[in-house]
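Student: Would you mind keeping the following structure in view while I ask a few things?
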Amino acid sequence: MLRKSEPASRYDNVWRASEPYMRARKNDVNDVHIPISFAFARKLLEIYSDADEDVVSLAIILHDIGLRSIDMAEFMEKGFGPNMMQSDVRVLHENEGVRLSRKVLETTGWPESVIVAVAEIIDGHDTRPQARSLNDRLVRDADKLWRFTVTGVSVVCDWFKMNPHQYTARLEQEVAVLETEAAR
Ligand SMILES: [Fe+2]
Ligand SMILES: [Fe+2]
C-alpha cells in the first residue's frame, strides 16, 4: 500500500541549514551525491511504507555532512585506499556527521526522537557491516544507488581513475551488497 507522503519541500530548511557544511570544500561531492541519493531514498520510501519517511529523508540528506571536517585530499587518499571502508577518515566523517546532524536538526526544530534515530543511521553508515533497521537499510541503499547513474559513474570513474567499462564491471558486483529487493 502506498503511504501518503509528505512533500519533499518539508525538508527545505534542513537543506538550507546544512548547505554551509556541505559547501565547505572545493569539488564537494555532496553537491552531486546527496541530491541524487535523496531522490532514490524517496523512491524507496514509496515502496517500503513501513519505513519512517522523516528519519530516512533526513538521514540521507545529512549522512555525509561530516566530510566537512576532513581534509579532502586525505579522504580521497585514505578513504578510498586499501581497507578503505575501515579507515580512520571514514570513522571520523561518521562521528562528525553525528555531531553536525544534531546541530542542523536542532536548529531546524526537529524532535529529539528524530535526531537520535538519524544519528543511529549516520553512526557507522560506511563502517558497520549490518544495517540496524528498515530505515537504515533504505538509507544504505540510497547512499549506493547514485553510483549507478550516469552522473555517478562519471564522478566515481574520476575518483578511482577507471574508465566507465571498468567501473560498471565493478558496480555489477555491488548489486549483491544492496539491502532491498527494490534497490537491486
Ligand atoms: Fe559516508
Ligand atoms: Fe554517502
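Chains: A, B, ... in order of the C-alpha cells. Residues: from 1 per chain. Ligands: from 1, in order shown.
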Can you check which parts of chain A lie within 10 Å of ligand 1? Per residue, the shortest pair of atoms and distance in Å to one decimal, counting only C-alpha atoms and all ligand atoms, sorted by chain and number, as a Markdown table.

Tutor:
```
| residue | atom | partner | partner_atom_place_in_ligand_line | distance |
| --- | --- | --- | --- | --- |
| A:Asn30 | CA | ligand 1 | 1 (Fe) | 9.9 |
| A:Ile60 | CA | ligand 1 | 1 (Fe) | 9.8 |
| A:Leu62 | CA | ligand 1 | 1 (Fe) | 9.6 |
| A:His63 | CA | ligand 1 | 1 (Fe) | 6.3 |
| A:Asp64 | CA | ligand 1 | 1 (Fe) | 4.8 |
| A:Ile65 | CA | ligand 1 | 1 (Fe) | 8.4 |
| A:Gly66 | CA | ligand 1 | 1 (Fe) | 8.2 |
| A:Leu67 | CA | ligand 1 | 1 (Fe) | 7.7 |
| A:Gly79 | CA | ligand 1 | 1 (Fe) | 9.6 |
| A:Met85 | CA | ligand 1 | 1 (Fe) | 9.4 |
| A:Arg90 | CA | ligand 1 | 1 (Fe) | 7.0 |
| A:Val91 | CA | ligand 1 | 1 (Fe) | 9.0 |
| A:Leu92 | CA | ligand 1 | 1 (Fe) | 9.9 |
| A:His93 | CA | ligand 1 | 1 (Fe) | 6.8 |
| A:Glu94 | CA | ligand 1 | 1 (Fe) | 6.7 |
| A:Gly97 | CA | ligand 1 | 1 (Fe) | 8.7 |
| A:Ile122 | CA | ligand 1 | 1 (Fe) | 8.1 |
| A:Asp123 | CA | ligand 1 | 1 (Fe) | 9.7 |
| A:Gly124 | CA | ligand 1 | 1 (Fe) | 8.7 |
| A:His125 | CA | ligand 1 | 1 (Fe) | 6.4 |
| A:Asp126 | CA | ligand 1 | 1 (Fe) | 5.6 |
| A:Thr127 | CA | ligand 1 | 1 (Fe) | 8.9 |
| A:Arg140 | CA | ligand 1 | 1 (Fe) | 9.6 |
| A:Asp143 | CA | ligand 1 | 1 (Fe) | 7.9 |
| A:Lys144 | CA | ligand 1 | 1 (Fe) | 9.8 |
```

Student: Next, dump the selected residues to file, keeping only N, CA and C atoms, as an mmCIF file, in the first residue's frame.

Tutor:
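Wrote part_0.cif, looks like this:
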```cif
data_model
loop_
_atom_site.group_PDB
_atom_site.id
_atom_site.type_symbol
_atom_site.label_atom_id
_atom_site.label_comp_id
_atom_site.auth_asym_id
_atom_site.auth_seq_id
_atom_site.Cartn_x
_atom_site.Cartn_y
_atom_site.Cartn_z
ATOM 1 N N ASN A 30 29.232 16.188 -2.201
ATOM 2 C CA ASN A 30 27.881 16.239 -1.646
ATOM 3 C C ASN A 30 26.915 17.012 -2.537
ATOM 4 N N ILE A 60 19.487 10.675 4.902
ATOM 5 C CA ILE A 60 20.217 10.678 3.626
ATOM 6 C C ILE A 60 20.737 12.089 3.318
ATOM 7 N N LEU A 62 21.765 14.224 5.466
ATOM 8 C CA LEU A 62 22.824 14.619 6.401
ATOM 9 C C LEU A 62 23.945 13.590 6.578
ATOM 10 N N HIS A 63 23.836 12.400 5.954
ATOM 11 C CA HIS A 63 24.761 11.328 6.357
ATOM 12 C C HIS A 63 26.236 11.645 6.090
ATOM 13 N N ASP A 64 26.526 12.427 5.065
ATOM 14 C CA ASP A 64 27.932 12.722 4.756
ATOM 15 C C ASP A 64 28.340 14.138 5.147
ATOM 16 N N ILE A 65 27.532 14.784 5.963
ATOM 17 C CA ILE A 65 27.824 16.171 6.341
ATOM 18 C C ILE A 65 29.172 16.264 7.076
ATOM 19 N N GLY A 66 29.570 15.161 7.719
ATOM 20 C CA GLY A 66 30.835 15.149 8.467
ATOM 21 C C GLY A 66 32.077 15.200 7.594
ATOM 22 N N LEU A 67 31.913 15.030 6.280
ATOM 23 C CA LEU A 67 33.071 15.141 5.375
ATOM 24 C C LEU A 67 33.675 16.533 5.465
ATOM 25 N N GLY A 79 40.484 7.335 2.392
ATOM 26 C CA GLY A 79 39.098 6.863 2.371
ATOM 27 C C GLY A 79 38.787 5.988 1.173
ATOM 28 N N MET A 85 37.034 1.083 3.691
ATOM 29 C CA MET A 85 35.800 1.243 4.444
ATOM 30 C C MET A 85 36.032 1.246 5.956
ATOM 31 N N ARG A 90 37.198 7.539 7.415
ATOM 32 C CA ARG A 90 35.785 7.123 7.279
ATOM 33 C C ARG A 90 35.073 7.250 8.633
ATOM 34 N N VAL A 91 35.722 6.726 9.676
ATOM 35 C CA VAL A 91 35.121 6.782 11.020
ATOM 36 C C VAL A 91 34.946 8.243 11.443
ATOM 37 N N LEU A 92 35.940 9.051 11.157
ATOM 38 C CA LEU A 92 35.869 10.468 11.538
ATOM 39 C C LEU A 92 34.686 11.158 10.847
ATOM 40 N N HIS A 93 34.459 10.881 9.562
ATOM 41 C CA HIS A 93 33.342 11.560 8.881
ATOM 42 C C HIS A 93 31.993 11.073 9.431
ATOM 43 N N GLU A 94 31.960 9.835 9.945
ATOM 44 C CA GLU A 94 30.726 9.347 10.569
ATOM 45 C C GLU A 94 30.492 10.040 11.916
ATOM 46 N N GLY A 97 29.595 13.499 11.413
ATOM 47 C CA GLY A 97 28.230 13.519 10.873
ATOM 48 C C GLY A 97 27.184 13.451 11.965
ATOM 49 N N ILE A 122 23.520 7.475 10.807
ATOM 50 C CA ILE A 122 24.766 8.100 10.342
ATOM 51 C C ILE A 122 25.980 7.440 11.009
ATOM 52 N N ASP A 123 25.820 7.102 12.284
ATOM 53 C CA ASP A 123 26.895 6.455 13.040
ATOM 54 C C ASP A 123 27.242 5.106 12.385
ATOM 55 N N GLY A 124 28.442 4.992 11.865
ATOM 56 C CA GLY A 124 28.880 3.725 11.265
ATOM 57 C C GLY A 124 28.278 3.447 9.899
ATOM 58 N N HIS A 125 27.721 4.464 9.209
ATOM 59 C CA HIS A 125 26.999 4.157 7.958
ATOM 60 C C HIS A 125 27.909 3.515 6.895
ATOM 61 N N ASP A 126 29.208 3.821 6.942
ATOM 62 C CA ASP A 126 30.120 3.184 5.981
ATOM 63 C C ASP A 126 30.844 1.975 6.595
ATOM 64 N N THR A 127 31.075 2.017 7.898
ATOM 65 C CA THR A 127 31.975 1.032 8.510
ATOM 66 C C THR A 127 31.258 -0.121 9.203
ATOM 67 N N ARG A 140 21.099 3.131 3.430
ATOM 68 C CA ARG A 140 22.293 2.464 2.887
ATOM 69 C C ARG A 140 22.152 2.237 1.388
ATOM 70 N N ASP A 143 22.321 5.577 -0.497
ATOM 71 C CA ASP A 143 23.709 6.047 -0.462
ATOM 72 C C ASP A 143 24.525 5.403 -1.593
ATOM 73 N N LYS A 144 24.180 4.164 -1.948
ATOM 74 C CA LYS A 144 24.935 3.463 -3.003
ATOM 75 C C LYS A 144 24.350 3.667 -4.401
#
```

Student: Based on DSSP run over this structure's backbone, return all residues of chain A in alpha helix (DSSP H), as number ranges by chain.

Tutor: A: 12-22, 30-47, 53-62, 72-78, 88-107, 112-122, 134-145, 150-160, 164-174

Student: Using only C-alpha atoms and all ligand atoms, which of the listed residues (A:Phe160, A:Trp146, A:Phe80, A:Phe40) sits closest to ligand 2?

Tutor: A:Trp146

Student: Using only C-alpha atoms and all ligand atoms for the distances, tell me which of A:Val139, A:Val153, A:Leu45, A:Ala176 is nearest to ligand 2.

Tutor: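 Closest to ligand 2 of all the choices is A:Val139.
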
Student: Report as an MDAnalysis selection string all protein, DNA and RNA residues lying within 9 Å of Val177 (chain A), evaluated on only C-alpha atoms, omitting residues in the same chain fewer than 4 positions from it.

Tutor: chainID A and resid 141 173 184

Student: Name the closest residue to ligand 2 among the candidates A:Lys161, A:His33, A:Lys4, A:Arg102; distances are taken between atoms, counting only C-alpha atoms and all ligand atoms.

Tutor: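 Smallest distance to ligand 2 is found for A:His33.
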
Student: For Met76 (chain A), which residue out of A:Ser133, A:Ser113, A:Lys103, A:Trp159 is the nearest one, using only C-alpha atoms?

Tutor: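 Nearest to Met76 (chain A): A:Trp159.
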
Student: Using only C-alpha atoms, pick whichever of A:Arg147, A:Glu53, A:Val104, A:Gly109 has the shortest atom-to-atom distance to Glu19 (chain A).

Tutor: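 Of A:Arg147, A:Glu53, A:Val104, A:Gly109, the one nearest Glu19 (chain A) is A:Val104, counting only C-alpha atoms.
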
Student: List the spatial neighbours of His165 (chain A) as a ChimeraX atom specification - criterion: any atom at most 12 Å away, only C-alpha atoms, same-chain residues fewer than 5 positions off excluded.

Tutor: /A:153-154,157,170-172

Student: Mind dumping the selected residues with N, CA and C atoms as a compact mmCIF listing (two decimals), in the first residue's frame?

Tutor:
```txt
# COMPACT_ATOMS: atom_id res chain seq x y z
N VAL A 153 28.54 7.41 -12.26
CA VAL A 153 29.63 6.70 -12.95
C VAL A 153 30.73 7.69 -13.34
N SER A 154 30.33 8.86 -13.86
CA SER A 154 31.35 9.85 -14.27
C SER A 154 32.18 10.30 -13.07
N CYS A 157 34.35 7.29 -11.61
CA CYS A 157 35.45 6.95 -12.52
C CYS A 157 36.62 7.90 -12.29
N ARG A 170 32.70 -3.37 -11.97
CA ARG A 170 32.79 -3.40 -10.51
C ARG A 170 31.42 -3.16 -9.87
N LEU A 171 30.66 -2.24 -10.48
CA LEU A 171 29.33 -1.93 -9.97
C LEU A 171 28.41 -3.15 -10.00
N GLU A 172 28.58 -3.95 -11.03
CA GLU A 172 27.73 -5.15 -11.16
C GLU A 172 27.85 -6.04 -9.93
```

Student: Calculated over only C-alpha atoms, which of the candidates A:Met162, A:Ala142, A:Ile34, A:Leu44 has the smallest distance to Trp15 (chain A)?

Tutor: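 That would be A:Ile34, the residue with the smallest distance to Trp15 (chain A).
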
Student: Work out how far CA of Phe38 (chain A) is from CA of Ser57 (chain A), in Å to one decimal.

Tutor: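 Spanning CA of Ser57 (chain A) to CA of Phe38 (chain A) is a straight-line distance of 6.7 Å.
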
Student: Tell me, as a list in words, which residues lie within 12 Å of Glu112 (chain A), counting only C-alpha atoms; anything in the same chain fewer than 5 positions away does not count.

Tutor: Val55, Ser101, Arg102, Lys103, Leu105, Glu106, Thr107, Ala117, Val118 and Ala119 of chain A

Student: Store the residues of this selection in a file with C-alpha atoms, as a PDB file, in the first residue's frame.

Tutor:
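This is the output file out_30.pdb:
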```pdb
ATOM      1  CA  VAL A  55      14.083   9.712   9.516  1.00  0.00           C
ATOM      2  CA  SER A 101      23.478  16.450  12.057  1.00  0.00           C
ATOM      3  CA  ARG A 102      22.325  17.110  15.634  1.00  0.00           C
ATOM      4  CA  LYS A 103      23.329  20.746  15.244  1.00  0.00           C
ATOM      5  CA  LEU A 105      18.299  19.243  13.214  1.00  0.00           C
ATOM      6  CA  GLU A 106      18.150  21.160  16.498  1.00  0.00           C
ATOM      7  CA  THR A 107      18.433  24.463  14.636  1.00  0.00           C
ATOM      8  CA  ALA A 117      17.141   7.974  15.006  1.00  0.00           C
ATOM      9  CA  VAL A 118      19.031   9.917  12.313  1.00  0.00           C
ATOM     10  CA  ALA A 119      22.250   9.766  14.377  1.00  0.00           C
TER      11      ALA A 119
END
```
